[in-house]
file target_39.txt (compact mmCIF, C-alpha atoms and all ligand atoms)
# COMPACT_ATOMS: atom_id res chain seq x y z
CA MET A 156 30.00 -27.66 -23.76
CA LYS A 157 28.60 -29.96 -21.11
CA MET A 158 29.14 -29.03 -17.50
CA GLN A 159 28.74 -31.06 -14.38
CA ILE A 160 27.74 -29.19 -11.27
CA ARG A 161 27.02 -30.37 -7.76
CA LEU A 162 24.54 -28.78 -5.41
CA ARG A 163 23.35 -29.92 -2.01
CA ALA A 164 19.80 -31.24 -1.89
CA ILE A 165 17.97 -28.30 -0.41
CA PRO A 166 15.48 -26.14 -2.33
CA LEU A 167 17.44 -25.04 -5.33
CA GLY A 168 16.01 -21.60 -6.03
CA ALA A 169 15.41 -22.23 -9.71
CA THR A 170 12.48 -23.15 -11.91
CA ILE A 171 12.59 -25.28 -15.05
CA LYS A 172 10.48 -25.47 -18.17
CA ARG A 173 10.06 -27.80 -21.15
CA HIS A 174 10.36 -26.46 -24.68
CA GLU A 175 7.08 -27.18 -26.44
CA ILE A 176 8.65 -28.38 -29.70
CA THR A 177 12.11 -29.75 -28.88
CA GLY A 178 11.12 -31.14 -25.45
CA ASP A 179 14.34 -29.71 -23.98
CA ILE A 180 14.27 -29.08 -20.24
CA THR A 181 15.85 -25.72 -19.49
CA VAL A 182 16.29 -23.53 -16.46
CA ALA A 183 13.47 -20.96 -16.68
CA ARG A 184 14.77 -18.68 -13.96
CA VAL A 185 17.20 -18.57 -11.10
CA ILE A 186 15.81 -16.99 -7.94
CA HIS A 187 17.93 -14.12 -6.64
CA GLY A 188 19.59 -14.99 -3.37
CA GLY A 189 18.66 -18.70 -3.67
CA LEU A 190 21.12 -21.57 -3.63
CA ALA A 191 21.53 -21.80 -7.41
CA ASP A 192 22.11 -18.05 -7.66
CA ARG A 193 24.64 -18.01 -4.85
CA SER A 194 26.49 -20.95 -6.41
CA GLY A 195 26.86 -18.89 -9.61
CA LEU A 196 26.64 -22.14 -11.59
CA LEU A 197 23.11 -22.19 -12.97
CA TYR A 198 21.68 -19.59 -15.36
CA ALA A 199 18.32 -19.09 -17.01
CA GLY A 200 18.50 -20.83 -20.40
CA ASP A 201 20.89 -23.63 -19.34
CA LYS A 202 19.75 -26.96 -20.79
CA LEU A 203 19.51 -29.89 -18.37
CA VAL A 204 20.90 -33.14 -19.70
CA GLU A 205 21.08 -35.36 -16.61
CA VAL A 206 20.10 -35.11 -12.97
CA ASN A 207 21.97 -37.52 -10.72
CA GLY A 208 22.89 -39.62 -13.73
CA VAL A 209 19.29 -39.87 -14.99
CA PRO A 210 18.83 -38.45 -18.53
CA VAL A 211 16.03 -35.90 -18.49
CA GLU A 212 15.40 -35.83 -22.22
CA GLY A 213 11.72 -36.45 -22.95
CA LEU A 214 10.69 -36.04 -19.31
CA GLU A 215 8.07 -33.61 -18.06
CA PRO A 216 9.28 -30.86 -15.67
CA GLU A 217 7.25 -32.53 -12.87
CA GLN A 218 9.18 -35.79 -13.39
CA VAL A 219 12.49 -33.91 -13.16
CA ILE A 220 11.29 -32.23 -9.98
CA ASN A 221 10.39 -35.67 -8.59
CA ILE A 222 13.92 -36.87 -9.22
CA LEU A 223 15.19 -33.78 -7.39
CA ALA A 224 12.74 -34.27 -4.54
CA LEU A 225 13.83 -37.87 -4.03
CA SER A 226 17.54 -36.96 -4.08
CA GLN A 227 19.43 -36.92 -0.85
CA GLY A 228 22.77 -35.35 -0.12
CA THR A 229 24.44 -34.05 -3.25
CA ILE A 230 22.62 -33.46 -6.53
CA MET A 231 24.62 -33.71 -9.72
CA PHE A 232 23.53 -31.85 -12.82
CA LYS A 233 24.91 -32.37 -16.28
CA LEU A 234 23.95 -29.40 -18.43
CA ILE A 235 24.68 -27.47 -21.57
CA PRO A 236 25.21 -23.84 -20.57
CA VAL A 237 23.24 -21.18 -22.39
CA SER A 238 25.45 -19.58 -25.03
CA ASP A 239 24.87 -15.96 -23.96
CA ARG A 240 24.96 -15.80 -20.19
CA PRO A 241 22.89 -12.79 -19.23
CA VAL A 242 24.76 -9.75 -18.02
CA SER A 243 22.87 -8.14 -15.19
CA ASN A 244 22.04 -4.61 -16.25
CA GLN A 245 18.83 -4.25 -14.29
CA THR A 246 18.26 -1.30 -12.09
CA THR A 247 16.57 -2.10 -8.83
CA LEU A 248 13.05 -0.82 -8.64
CA TYR A 249 10.99 -0.23 -5.51
CA VAL A 250 7.22 -0.43 -5.56
CA ARG A 251 4.32 -0.20 -3.17
CA ALA A 252 1.92 -3.14 -3.57
CA MET A 253 -1.58 -1.90 -4.24
CA ALA A 254 -3.16 -5.31 -3.57
CA ASP A 255 -2.68 -8.47 -1.51
CA TYR A 256 -1.14 -11.48 -3.23
CA TRP A 257 -1.26 -15.13 -2.17
CA PRO A 258 0.89 -17.33 -4.45
CA LEU A 259 -0.56 -20.54 -2.99
CA GLN A 260 -3.98 -19.49 -4.30
CA ASP A 261 -2.68 -18.52 -7.71
CA PRO A 262 -3.13 -21.29 -10.26
CA ALA A 263 -1.10 -19.32 -12.81
CA ILE A 264 2.18 -19.09 -10.90
CA PRO A 265 4.90 -21.35 -12.39
CA CYS A 266 6.01 -22.50 -8.94
CA ALA A 267 3.89 -21.59 -5.92
CA ASP A 268 6.67 -22.39 -3.45
CA ALA A 269 8.86 -19.79 -5.14
CA GLY A 270 6.14 -17.12 -4.84
CA LEU A 271 6.39 -14.11 -2.56
CA PRO A 272 3.16 -13.42 -0.65
CA PHE A 273 2.57 -9.75 0.11
CA LYS A 274 -0.03 -7.39 1.49
CA LYS A 275 -1.22 -4.12 0.06
CA GLY A 276 0.92 -1.20 1.16
CA GLU A 277 4.07 -3.31 1.56
CA ILE A 278 7.19 -2.00 -0.17
CA LEU A 279 8.84 -4.49 -2.53
CA GLN A 280 12.30 -4.40 -4.07
CA ILE A 281 12.07 -5.73 -7.63
CA VAL A 282 15.35 -7.42 -8.45
CA ASP A 283 14.56 -9.08 -11.77
CA GLN A 284 12.17 -8.12 -14.56
CA ASN A 285 13.59 -10.39 -17.27
CA ASP A 286 10.39 -12.41 -17.47
CA VAL A 287 7.47 -10.39 -18.84
CA PHE A 288 4.98 -12.09 -16.54
CA TRP A 289 6.87 -13.07 -13.41
CA TRP A 290 9.18 -10.68 -11.65
CA GLN A 291 11.44 -11.48 -8.72
CA ALA A 292 11.15 -9.37 -5.60
CA ARG A 293 11.97 -9.09 -1.92
CA LYS A 294 10.24 -7.15 0.81
CA VAL A 295 12.26 -4.18 2.01
CA SER A 296 11.34 -5.29 5.52
CA ASP A 297 13.40 -8.46 4.88
CA LEU A 298 16.10 -7.78 2.32
CA SER A 299 18.27 -10.65 3.50
CA ALA A 300 15.64 -13.17 2.35
CA CYS A 301 15.90 -14.84 -1.00
CA ALA A 302 13.72 -13.26 -3.70
CA GLY A 303 10.34 -14.69 -4.66
CA LEU A 304 8.14 -14.61 -7.73
CA ILE A 305 5.47 -11.95 -8.06
CA PRO A 306 3.13 -11.29 -10.97
CA SER A 307 4.45 -8.52 -13.20
CA ASN A 308 2.58 -5.28 -13.78
CA HIS A 309 1.73 -6.56 -17.21
CA LEU A 310 0.26 -9.82 -15.89
CA LEU A 311 -1.74 -8.09 -13.16
CA LYS A 312 -3.23 -5.63 -15.58
CA ARG A 313 -4.22 -8.53 -17.80
CA LYS A 314 -5.82 -10.29 -14.82
CA GLN A 315 -7.63 -7.11 -13.86
CA ARG A 316 -9.02 -6.82 -17.35
CA GLU A 317 -10.09 -10.48 -17.31
CA PHE A 318 -11.75 -9.91 -13.94
CA TRP A 319 -13.49 -6.86 -15.25
CA TRP A 320 -14.97 -8.73 -18.19
CA SER A 321 -15.78 -11.85 -16.23
CA GLN A 322 -17.78 -10.03 -13.53
CA PRO A 323 -19.86 -11.37 -11.81
CA PHE A 324 -19.32 -14.94 -12.96
CA GLN A 325 -15.78 -15.56 -11.71
CA PRO A 326 -15.67 -15.17 -7.97
CA HIS A 327 -12.53 -17.31 -7.50
CA LEU A 328 -9.35 -15.33 -8.00
CA CYS A 329 -5.92 -15.60 -6.53
CA LEU A 330 -5.68 -11.86 -6.05
CA LYS A 331 -7.80 -10.71 -3.15
CA SER A 332 -10.96 -9.23 -4.51
CA SER A 333 -10.52 -5.92 -2.70
CA MET A 334 -8.03 -4.89 -5.31
CA PHE A 335 -10.59 -5.37 -7.99
CA PHE A 336 -13.26 -3.51 -6.12
CA ILE A 337 -10.84 -0.59 -6.16
CA GLY A 338 -10.06 -1.40 -9.75
CA ILE A 339 -13.68 -1.11 -10.64
CA SER A 340 -14.36 2.06 -8.73
CA CYS A 341 -11.11 3.82 -9.46
CA TYR A 342 -9.34 3.82 -12.79
CA SER A 343 -5.90 4.75 -11.51
CA ALA A 344 -5.74 1.69 -9.25
CA LEU A 345 -6.83 -0.41 -12.18
CA ALA A 346 -3.98 1.01 -14.21
CA ALA A 347 -1.31 0.58 -11.55
CA PRO A 348 -1.21 -2.62 -9.51
CA TYR A 349 2.17 -1.50 -8.19
CA GLU A 350 3.17 2.07 -7.50
CA GLU A 351 6.81 2.97 -8.01
CA VAL A 352 8.24 4.54 -4.87
CA VAL A 353 11.49 6.19 -3.81
CA ARG A 354 13.01 7.02 -0.45
CA TYR A 355 12.33 10.66 0.34
CA GLN A 356 13.81 12.73 3.12
CA ARG A 357 12.31 16.18 3.48
CA HIS A 358 14.93 18.91 3.45
CA PRO A 359 14.62 21.08 6.60
CA ALA A 360 14.08 24.13 4.37
CA ASP A 361 11.22 22.44 2.47
CA ARG A 362 7.60 22.87 3.40
CA ASN A 363 6.26 20.32 5.87
CA ARG A 364 4.37 17.35 4.59
CA LEU A 365 0.60 17.47 5.02
CA ILE A 366 -0.60 15.09 7.75
CA ILE A 367 -3.88 13.38 6.93
CA LEU A 368 -5.83 11.44 9.56
CA VAL A 369 -8.44 8.95 8.39
CA GLY A 370 -10.62 6.62 10.40
CA PRO A 371 -14.19 5.45 10.92
CA ALA A 372 -16.69 7.85 12.47
CA GLY A 373 -16.34 8.03 16.23
CA VAL A 374 -12.89 6.42 16.44
CA GLY A 375 -11.31 9.59 17.79
CA VAL A 376 -9.79 11.32 14.76
CA ASN A 377 -10.99 14.74 15.92
CA GLU A 378 -9.98 14.15 19.51
CA LEU A 379 -6.45 13.13 18.48
CA ARG A 380 -6.10 16.02 16.04
CA ARG A 381 -7.36 18.50 18.64
CA ARG A 382 -4.92 17.18 21.27
CA LEU A 383 -1.99 17.27 18.84
CA ILE A 384 -2.67 20.89 17.89
CA ALA A 385 -3.25 21.87 21.52
CA SER A 386 0.11 20.30 22.46
CA ASN A 387 1.89 22.94 20.36
CA PRO A 388 -0.29 25.38 18.38
CA ARG A 389 2.80 27.14 17.03
CA GLU A 390 3.91 23.92 15.36
CA PHE A 391 0.61 22.30 14.35
CA SER A 392 -2.48 23.75 12.75
CA SER A 393 -5.64 22.64 11.08
CA ALA A 394 -6.80 24.06 7.75
CA ILE A 395 -9.64 26.59 8.02
CA PRO A 396 -12.68 25.14 6.21
CA HIS A 397 -14.88 27.00 3.74
CA THR A 398 -18.63 27.23 4.22
CA THR A 399 -21.64 28.77 2.54
CA ARG A 400 -23.51 29.22 5.83
CA VAL A 401 -23.98 32.67 7.29
CA GLN A 402 -21.31 34.02 9.59
CA LYS A 403 -22.40 34.27 13.23
CA SER A 404 -21.88 37.48 15.20
CA TYR A 405 -19.05 36.10 17.36
CA GLU A 406 -17.25 34.50 14.40
CA MET A 407 -14.51 36.03 12.29
CA ASN A 408 -14.04 35.39 8.60
CA GLY A 409 -10.91 33.22 8.19
CA ARG A 410 -10.84 32.11 11.85
CA GLU A 411 -13.64 29.55 12.25
CA TYR A 412 -14.44 29.36 8.54
CA HIS A 413 -13.93 31.16 5.25
CA TYR A 414 -17.46 32.35 4.46
CA VAL A 415 -18.15 32.26 0.73
CA SER A 416 -21.13 32.31 -1.59
CA LYS A 417 -22.53 29.11 -3.02
CA GLU A 418 -21.29 30.17 -6.43
CA THR A 419 -17.71 30.70 -5.20
CA PHE A 420 -17.80 27.39 -3.35
CA GLU A 421 -19.07 25.55 -6.41
CA ASN A 422 -16.41 27.16 -8.58
CA MET A 423 -13.78 25.87 -6.14
CA VAL A 424 -15.22 22.38 -6.43
CA TYR A 425 -15.29 22.49 -10.23
CA SER A 426 -11.72 23.74 -10.41
CA HIS A 427 -10.59 20.85 -8.12
CA ARG A 428 -9.54 23.19 -5.33
CA MET A 429 -11.46 21.24 -2.65
CA LEU A 430 -9.90 18.19 -1.01
CA GLU A 431 -13.34 17.19 0.21
CA TYR A 432 -16.68 18.81 0.77
CA GLY A 433 -20.19 17.97 1.88
CA GLU A 434 -23.59 19.41 2.66
CA TYR A 435 -25.05 19.86 6.11
CA LYS A 436 -28.48 21.41 6.76
CA GLY A 437 -28.48 22.89 3.28
CA TYR A 438 -25.05 24.53 3.53
CA LEU A 439 -21.79 23.43 1.92
CA TYR A 440 -18.65 22.81 3.99
CA GLY A 441 -15.23 21.81 2.69
CA THR A 442 -11.47 21.84 3.08
CA SER A 443 -9.61 23.57 0.27
CA ILE A 444 -6.08 23.00 -1.01
CA ASP A 445 -5.50 26.75 -0.60
CA ALA A 446 -6.32 26.55 3.12
CA VAL A 447 -3.79 23.73 3.55
CA ARG A 448 -1.23 25.71 1.54
CA THR A 449 -1.70 28.73 3.82
CA VAL A 450 -0.77 26.65 6.89
CA LEU A 451 2.21 25.06 5.15
CA ASP A 452 3.43 28.44 3.94
CA GLU A 453 3.52 29.64 7.56
CA GLY A 454 6.09 26.89 8.20
CA LYS A 455 3.62 24.89 10.30
CA ILE A 456 2.58 21.25 10.08
CA CYS A 457 -0.94 21.09 8.70
CA VAL A 458 -3.06 18.29 10.21
CA ILE A 459 -6.42 17.53 8.65
CA ASP A 460 -8.90 14.69 8.77
CA LEU A 461 -10.28 13.38 5.53
CA GLU A 462 -12.76 10.84 4.28
CA PRO A 463 -10.68 8.12 2.62
CA GLN A 464 -12.29 8.89 -0.75
CA GLY A 465 -10.37 12.19 -0.65
CA ILE A 466 -6.95 10.53 -0.34
CA GLN A 467 -6.38 10.25 -4.08
CA VAL A 468 -7.06 13.97 -4.59
CA ALA A 469 -4.67 14.92 -1.80
CA ARG A 470 -1.81 12.67 -2.94
CA THR A 471 0.11 15.26 -4.91
CA HIS A 472 3.71 16.22 -5.44
CA GLU A 473 2.98 19.56 -3.76
CA LEU A 474 1.36 18.33 -0.54
CA LYS A 475 3.27 15.03 -0.21
CA PRO A 476 0.74 13.83 2.37
CA TYR A 477 1.62 11.37 5.09
CA ILE A 478 -1.49 9.34 5.77
CA ILE A 479 -2.25 7.96 9.21
CA PHE A 480 -5.09 5.52 9.75
CA ILE A 481 -6.69 5.72 13.18
CA LYS A 482 -7.92 2.25 13.89
CA PRO A 483 -10.41 1.21 16.58
CA SER A 484 -9.23 -1.31 19.14
CA SER A 485 -11.21 -4.52 19.68
CA ILE A 486 -14.84 -4.13 20.69
CA SER A 487 -14.14 -5.59 24.13
CA CYS A 488 -11.40 -2.98 24.71
CA MET A 489 -13.63 -0.16 23.44
CA ARG A 490 -16.42 -1.22 25.81
CA GLN A 491 -14.01 -0.25 28.57
CA THR A 492 -12.27 2.79 27.09
CA ARG A 493 -15.43 4.37 25.60
CA LYS A 494 -17.53 3.99 28.77
CA ASN A 495 -17.56 7.72 29.37
CA ALA A 496 -17.07 8.84 25.76
CA ARG A 497 -19.85 10.60 23.85
CA ILE A 498 -20.78 10.41 20.19
CA ILE A 499 -21.12 13.68 18.35
CA THR A 500 -23.13 13.19 15.16
CA ASP A 501 -25.34 15.28 12.95
CA TYR A 502 -28.39 14.18 14.89
CA TYR A 503 -27.31 13.42 18.44
CA VAL A 504 -25.00 15.29 20.69
CA ASN A 505 -23.74 13.60 23.84
CA MET A 506 -25.02 10.11 23.08
CA LYS A 507 -23.25 7.22 24.77
CA PHE A 508 -21.60 4.65 22.48
CA LYS A 509 -23.96 1.70 22.07
CA GLU A 510 -22.90 -1.83 21.18
CA GLU A 511 -23.99 -1.33 17.56
CA ASP A 512 -21.95 1.90 17.29
CA LEU A 513 -18.83 -0.03 18.27
CA GLN A 514 -19.68 -2.80 15.81
CA GLU A 515 -20.27 -0.27 13.04
CA MET A 516 -16.93 1.36 13.82
CA GLU A 517 -15.17 -2.00 13.53
CA ASP A 518 -16.94 -2.89 10.26
CA SER A 519 -16.26 0.50 8.77
CA ALA A 520 -12.56 0.29 9.75
CA LYS A 521 -12.27 -3.10 8.04
CA LYS A 522 -13.81 -1.71 4.86
CA MET A 523 -11.49 1.29 4.90
CA GLU A 524 -8.44 -0.91 5.33
CA ALA A 525 -9.59 -3.24 2.56
CA GLN A 526 -10.18 -0.40 0.14
CA PHE A 527 -7.56 2.15 1.06
CA GLY A 528 -5.00 0.31 3.22
CA GLN A 529 -2.35 0.58 0.49
CA PHE A 530 -2.20 4.34 1.04
CA PHE A 531 -1.69 4.25 4.81
CA ASP A 532 1.83 5.26 5.84
CA GLN A 533 1.08 4.54 9.47
CA VAL A 534 -1.64 2.79 11.48
CA ILE A 535 -2.35 3.86 15.05
CA VAL A 536 -4.75 1.86 17.21
CA ASN A 537 -6.71 4.29 19.36
CA ASP A 538 -7.09 2.24 22.49
CA ASN A 539 -5.58 4.27 25.30
CA LEU A 540 -6.03 7.91 24.32
CA GLN A 541 -2.82 9.11 25.92
CA GLU A 542 -0.74 6.42 24.22
CA ALA A 543 -2.39 7.02 20.86
CA SER A 544 -1.67 10.76 21.20
CA GLU A 545 2.00 10.05 21.88
CA GLN A 546 2.20 7.67 18.93
CA LEU A 547 0.61 10.30 16.72
CA LEU A 548 3.09 12.95 17.80
CA SER A 549 6.09 10.76 17.07
CA ALA A 550 4.63 9.58 13.73
CA VAL A 551 4.10 13.19 12.66
CA HIS A 552 7.71 14.07 13.50
CA ARG A 553 9.00 10.95 11.74
CA ALA A 554 7.06 11.96 8.64
CA GLN A 555 8.85 15.31 8.55
CA ASP A 556 12.33 14.32 9.70
CA GLU A 557 13.02 10.76 8.60
CA PRO A 558 13.25 9.14 5.17
CA GLN A 559 9.97 7.69 3.94
CA TRP A 560 8.77 5.83 0.85
CA VAL A 561 6.80 8.15 -1.41
CA PRO A 562 5.52 7.79 -4.98
CA ALA A 563 8.43 8.24 -7.38
CA ILE A 564 6.34 10.65 -9.42
CA TRP A 565 6.37 13.17 -6.53
CA ILE A 566 10.14 13.35 -6.66
CA CYS A 567 11.22 12.55 -10.19
CA SER A 568 8.87 14.92 -11.92
CA ASN A 569 8.29 18.60 -11.54
CA THR A 570 4.77 18.30 -12.73
CA GLN A 571 1.61 17.37 -10.87
CA PRO A 572 0.59 15.09 -9.26
N1 LIG B 601 -9.04 6.39 23.08
C1 LIG B 601 -10.16 6.93 23.53
N2 LIG B 601 -10.64 6.59 24.74
C2 LIG B 601 -11.79 7.13 25.20
N3 LIG B 601 -12.55 8.01 24.53
C3 LIG B 601 -12.12 8.38 23.32
C4 LIG B 601 -10.93 7.86 22.76
N4 LIG B 601 -10.76 8.43 21.54
C5 LIG B 601 -11.81 9.25 21.35
N5 LIG B 601 -12.62 9.21 22.41
C6 LIG B 601 -13.90 9.96 22.58
O1 LIG B 601 -14.80 9.41 21.62
C7 LIG B 601 -15.70 10.44 21.20
C8 LIG B 601 -15.65 10.53 19.67
O2 LIG B 601 -14.37 11.02 19.27
P1 LIG B 601 -14.19 12.01 18.04
O3 LIG B 601 -15.25 13.05 18.05
O4 LIG B 601 -12.79 12.43 18.00
O5 LIG B 601 -14.50 10.98 16.88
P2 LIG B 601 -14.24 11.17 15.33
O6 LIG B 601 -13.40 10.03 14.90
O7 LIG B 601 -13.73 12.51 15.04
O8 LIG B 601 -15.67 10.93 14.77
P3 LIG B 601 -16.58 11.93 13.91
O9 LIG B 601 -15.86 12.10 12.61
O10 LIG B 601 -17.88 11.22 13.82
O11 LIG B 601 -16.63 13.20 14.70
C9 LIG B 601 -15.26 11.73 21.87
O12 LIG B 601 -16.05 11.88 23.00
C10 LIG B 601 -13.82 11.42 22.26
O13 LIG B 601 -13.42 12.16 23.38
call {"tool": "encode", "arguments": {"input": "target_39.txt", "output": "structure tokens"}}
result
Amino acid sequence: MKMQIRLRAIPLGATIKRHEITGDITVARVIHGGLADRSGLLYAGDKLVEVNGVPVEGLEPEQVINILALSQGTIMFKLIPVSDRPVSNQTTLYVRAMADYWPLQDPAIPCADAGLPFKKGEILQIVDQNDVFWWQARKVSDLSACAGLIPSNHLLKRKQREFWWSQPFQPHLCLKSSMFFIGISCYSALAAPYEEVVRYQRHPADRNRLIILVGPAGVGVNELRRRLIASNPREFSSAIPHTTRVQKSYEMNGREYHYVSKETFENMVYSHRMLEYGEYKGYLYGTSIDAVRTVLDEGKICVIDLEPQGIQVARTHELKPYIIFIKPSSISCMRQTRKNARIITDYYVNMKFKEEDLQEMEDSAKKMEAQFGQFFDQVIVNDNLQEASEQLLSAVHRAQDEPQWVPAIWICSNTQP
């Protein structure tokens, strides 16, 4: 059956392809929400016979597109409809992008204009997975927009593998390299370019979500955490760290630290009970999952700071962490706000911030965002301390009381992680 359909000459929202053997030009895909989709007249698999009276048989897809591009007003298609029009039985899937994607830099995309650019951490609604390599998706931040093409999980994993094997000879890639740096250093990111997510609203009777603050050294993570806890110590608490150093006379076991032997500490590390740990002046210090659990079991909101390398360990079904990145403001702003601030490091106490400290903070923040930005639920710029404290307080309450996107595995499975 031949059908004639008319569409106005604006971007059609469909891609076409040429059959390698027969030379037939067919509709490869119809973009969800685009003109062709909304018209309900074009389907993937339809064979094009004529465009505006010009037979397309034997033409290359580019030539057909040229005819379309030169058309003004109404476009007339003559086509043979695909015999089995697809019945939509796809369930909508939501994913968190674990990498940036720029379709205009991707030589592999069938139609760059139809691509959907996205940044790591953005939540995408996948509306069509019919094509093994190219899915159709929208951003949840703009669901009224027409869908765009994104590389499928399968395609990304293949690209990651190619990148892996081609290192270091293939610097040019359409996917921002940061993803692959993670891919190289962390197997789980390599295995999952997208993370399936669901909307989660904590039940008031459930334990609070763990609040994790990350940020470059000196940005104010401790200051903000301290102020938050001081604002309401009955609601917020830190986790008591473990240490192997000797207890001082004025200290109490379980108040400043849990004092344990080196052997006990090391056993906790080996049995993955430490979220992070480190050595200082020959003694071990660390934050344990048990210490976080104790705070949560008291019905409080546990607020900890963590090196970003510890994020993966903390992201479990049990703790359901909400991760807040504390970001430095511009160096020129920090010159003003940090005039009277003091650095507290292992070596110096009460040192003024120097120009290179501010630069290092900015560089370190950029690296953290490039490597771990996909895990940040919230970013707070610590410019004015009072404002940043208020933003932190409301973010922490939002995390507990409002629906948030979390990994589907935290909700759909009773098992760890
Ligand atoms: N917005 C701000 N304006 C002015 N001073 C600030 C601001 N935020 C933090 N400070 C000050 O900067 C100094 C460093 O802050 P803080 O100790 O919290 O850093 P940090 O991120 O915890 O770094 P580290 O992990 O190295 O301790 C402190 O003196 C703190 O009071």
call {"tool": "atom_distance", "arguments": {"input": "target_39.txt", "atom1": "atom CA of Leu248 of chain A", "atom2": "atom CA of Ile278 of chain A"}}
result
10.4 Å
call {"tool": "residues_around", "arguments": {"input": "target_39.txt", "residues": "Thr449 of chain A", "least_positions_apart": "3", "cutoff": "12 Å", "atoms": "only C-alpha atoms", "output": "list in words"}}
result
Arg362, Asn363, Leu365, Ser392, Ser393, Ala394, Ile395, Pro396, Gly409, Thr442, Ser443, Ile444, Asp445, Ala446, Asp452, Glu453, Gly454, Lys455, Ile456, Cys457 and Leu474 of chain A
call {"tool": "atom_distance", "arguments": {"input": "target_39.txt", "atom1": "atom CA of Tyr440 of chain A", "atom2": "atom CA of Ile478 of chain A"}}
result
21.9 Å
call {"tool": "residues_near_ligand", "arguments": {"input": "target_39.txt", "ligand": "ligand LIG 601 (chain B)", "cutoff": "8 Å", "atoms": "only C-alpha atoms and all ligand atoms", "output": "list in words"}}
result
Gly370, Pro371, Ala372, Gly373, Val374, Gly375, Val376, Asn377, Glu378, Leu379, Arg380, Met489, Thr492, Arg493, Lys494, Asn495, Ala496, Arg497, Ile498, Ile499, Thr500, Asn505, Asn537, Asp538, Asn539, Leu540, Gln541 and Ala543 of chain A
call {"tool": "write_last_selection", "arguments": {"input": "target_39.txt", "atoms": "C-alpha atoms", "output": "PDB file, in the frame of the given file"}}
result
ATOM      1  CA  GLY A 370     -10.620   6.620  10.400  1.00  0.00           C
ATOM      2  CA  PRO A 371     -14.190   5.450  10.920  1.00  0.00           C
ATOM      3  CA  ALA A 372     -16.690   7.850  12.470  1.00  0.00           C
ATOM      4  CA  GLY A 373     -16.340   8.030  16.230  1.00  0.00           C
ATOM      5  CA  VAL A 374     -12.890   6.420  16.440  1.00  0.00           C
ATOM      6  CA  GLY A 375     -11.310   9.590  17.790  1.00  0.00           C
ATOM      7  CA  VAL A 376      -9.790  11.320  14.760  1.00  0.00           C
ATOM      8  CA  ASN A 377     -10.990  14.740  15.920  1.00  0.00           C
ATOM      9  CA  GLU A 378      -9.980  14.150  19.510  1.00  0.00           C
ATOM     10  CA  LEU A 379      -6.450  13.130  18.480  1.00  0.00           C
ATOM     11  CA  ARG A 380      -6.100  16.020  16.040  1.00  0.00           C
ATOM     12  CA  MET A 489     -13.630  -0.160  23.440  1.00  0.00           C
ATOM     13  CA  THR A 492     -12.270   2.790  27.090  1.00  0.00           C
ATOM     14  CA  ARG A 493     -15.430   4.370  25.600  1.00  0.00           C
ATOM     15  CA  LYS A 494     -17.530   3.990  28.770  1.00  0.00           C
ATOM     16  CA  ASN A 495     -17.560   7.720  29.370  1.00  0.00           C
ATOM     17  CA  ALA A 496     -17.070   8.840  25.760  1.00  0.00           C
ATOM     18  CA  ARG A 497     -19.850  10.600  23.850  1.00  0.00           C
ATOM     19  CA  ILE A 498     -20.780  10.410  20.190  1.00  0.00           C
ATOM     20  CA  ILE A 499     -21.120  13.680  18.350  1.00  0.00           C
ATOM     21  CA  THR A 500     -23.130  13.190  15.160  1.00  0.00           C
ATOM     22  CA  ASN A 505     -23.740  13.600  23.840  1.00  0.00           C
ATOM     23  CA  ASN A 537      -6.710   4.290  19.360  1.00  0.00           C
ATOM     24  CA  ASP A 538      -7.090   2.240  22.490  1.00  0.00           C
ATOM     25  CA  ASN A 539      -5.580   4.270  25.300  1.00  0.00           C
ATOM     26  CA  LEU A 540      -6.030   7.910  24.320  1.00  0.00           C
ATOM     27  CA  GLN A 541      -2.820   9.110  25.920  1.00  0.00           C
ATOM     28  CA  ALA A 543      -2.390   7.020  20.860  1.00  0.00           C
TER      29      ALA A 543
END
call {"tool": "closest_residue", "arguments": {"input": "target_39.txt", "among": "A:Asp518, A:Asp297, A:Asp201, A:Glu350", "to": "Asp239 of chain A", "atoms": "only C-alpha atoms"}}
result
A:Asp201
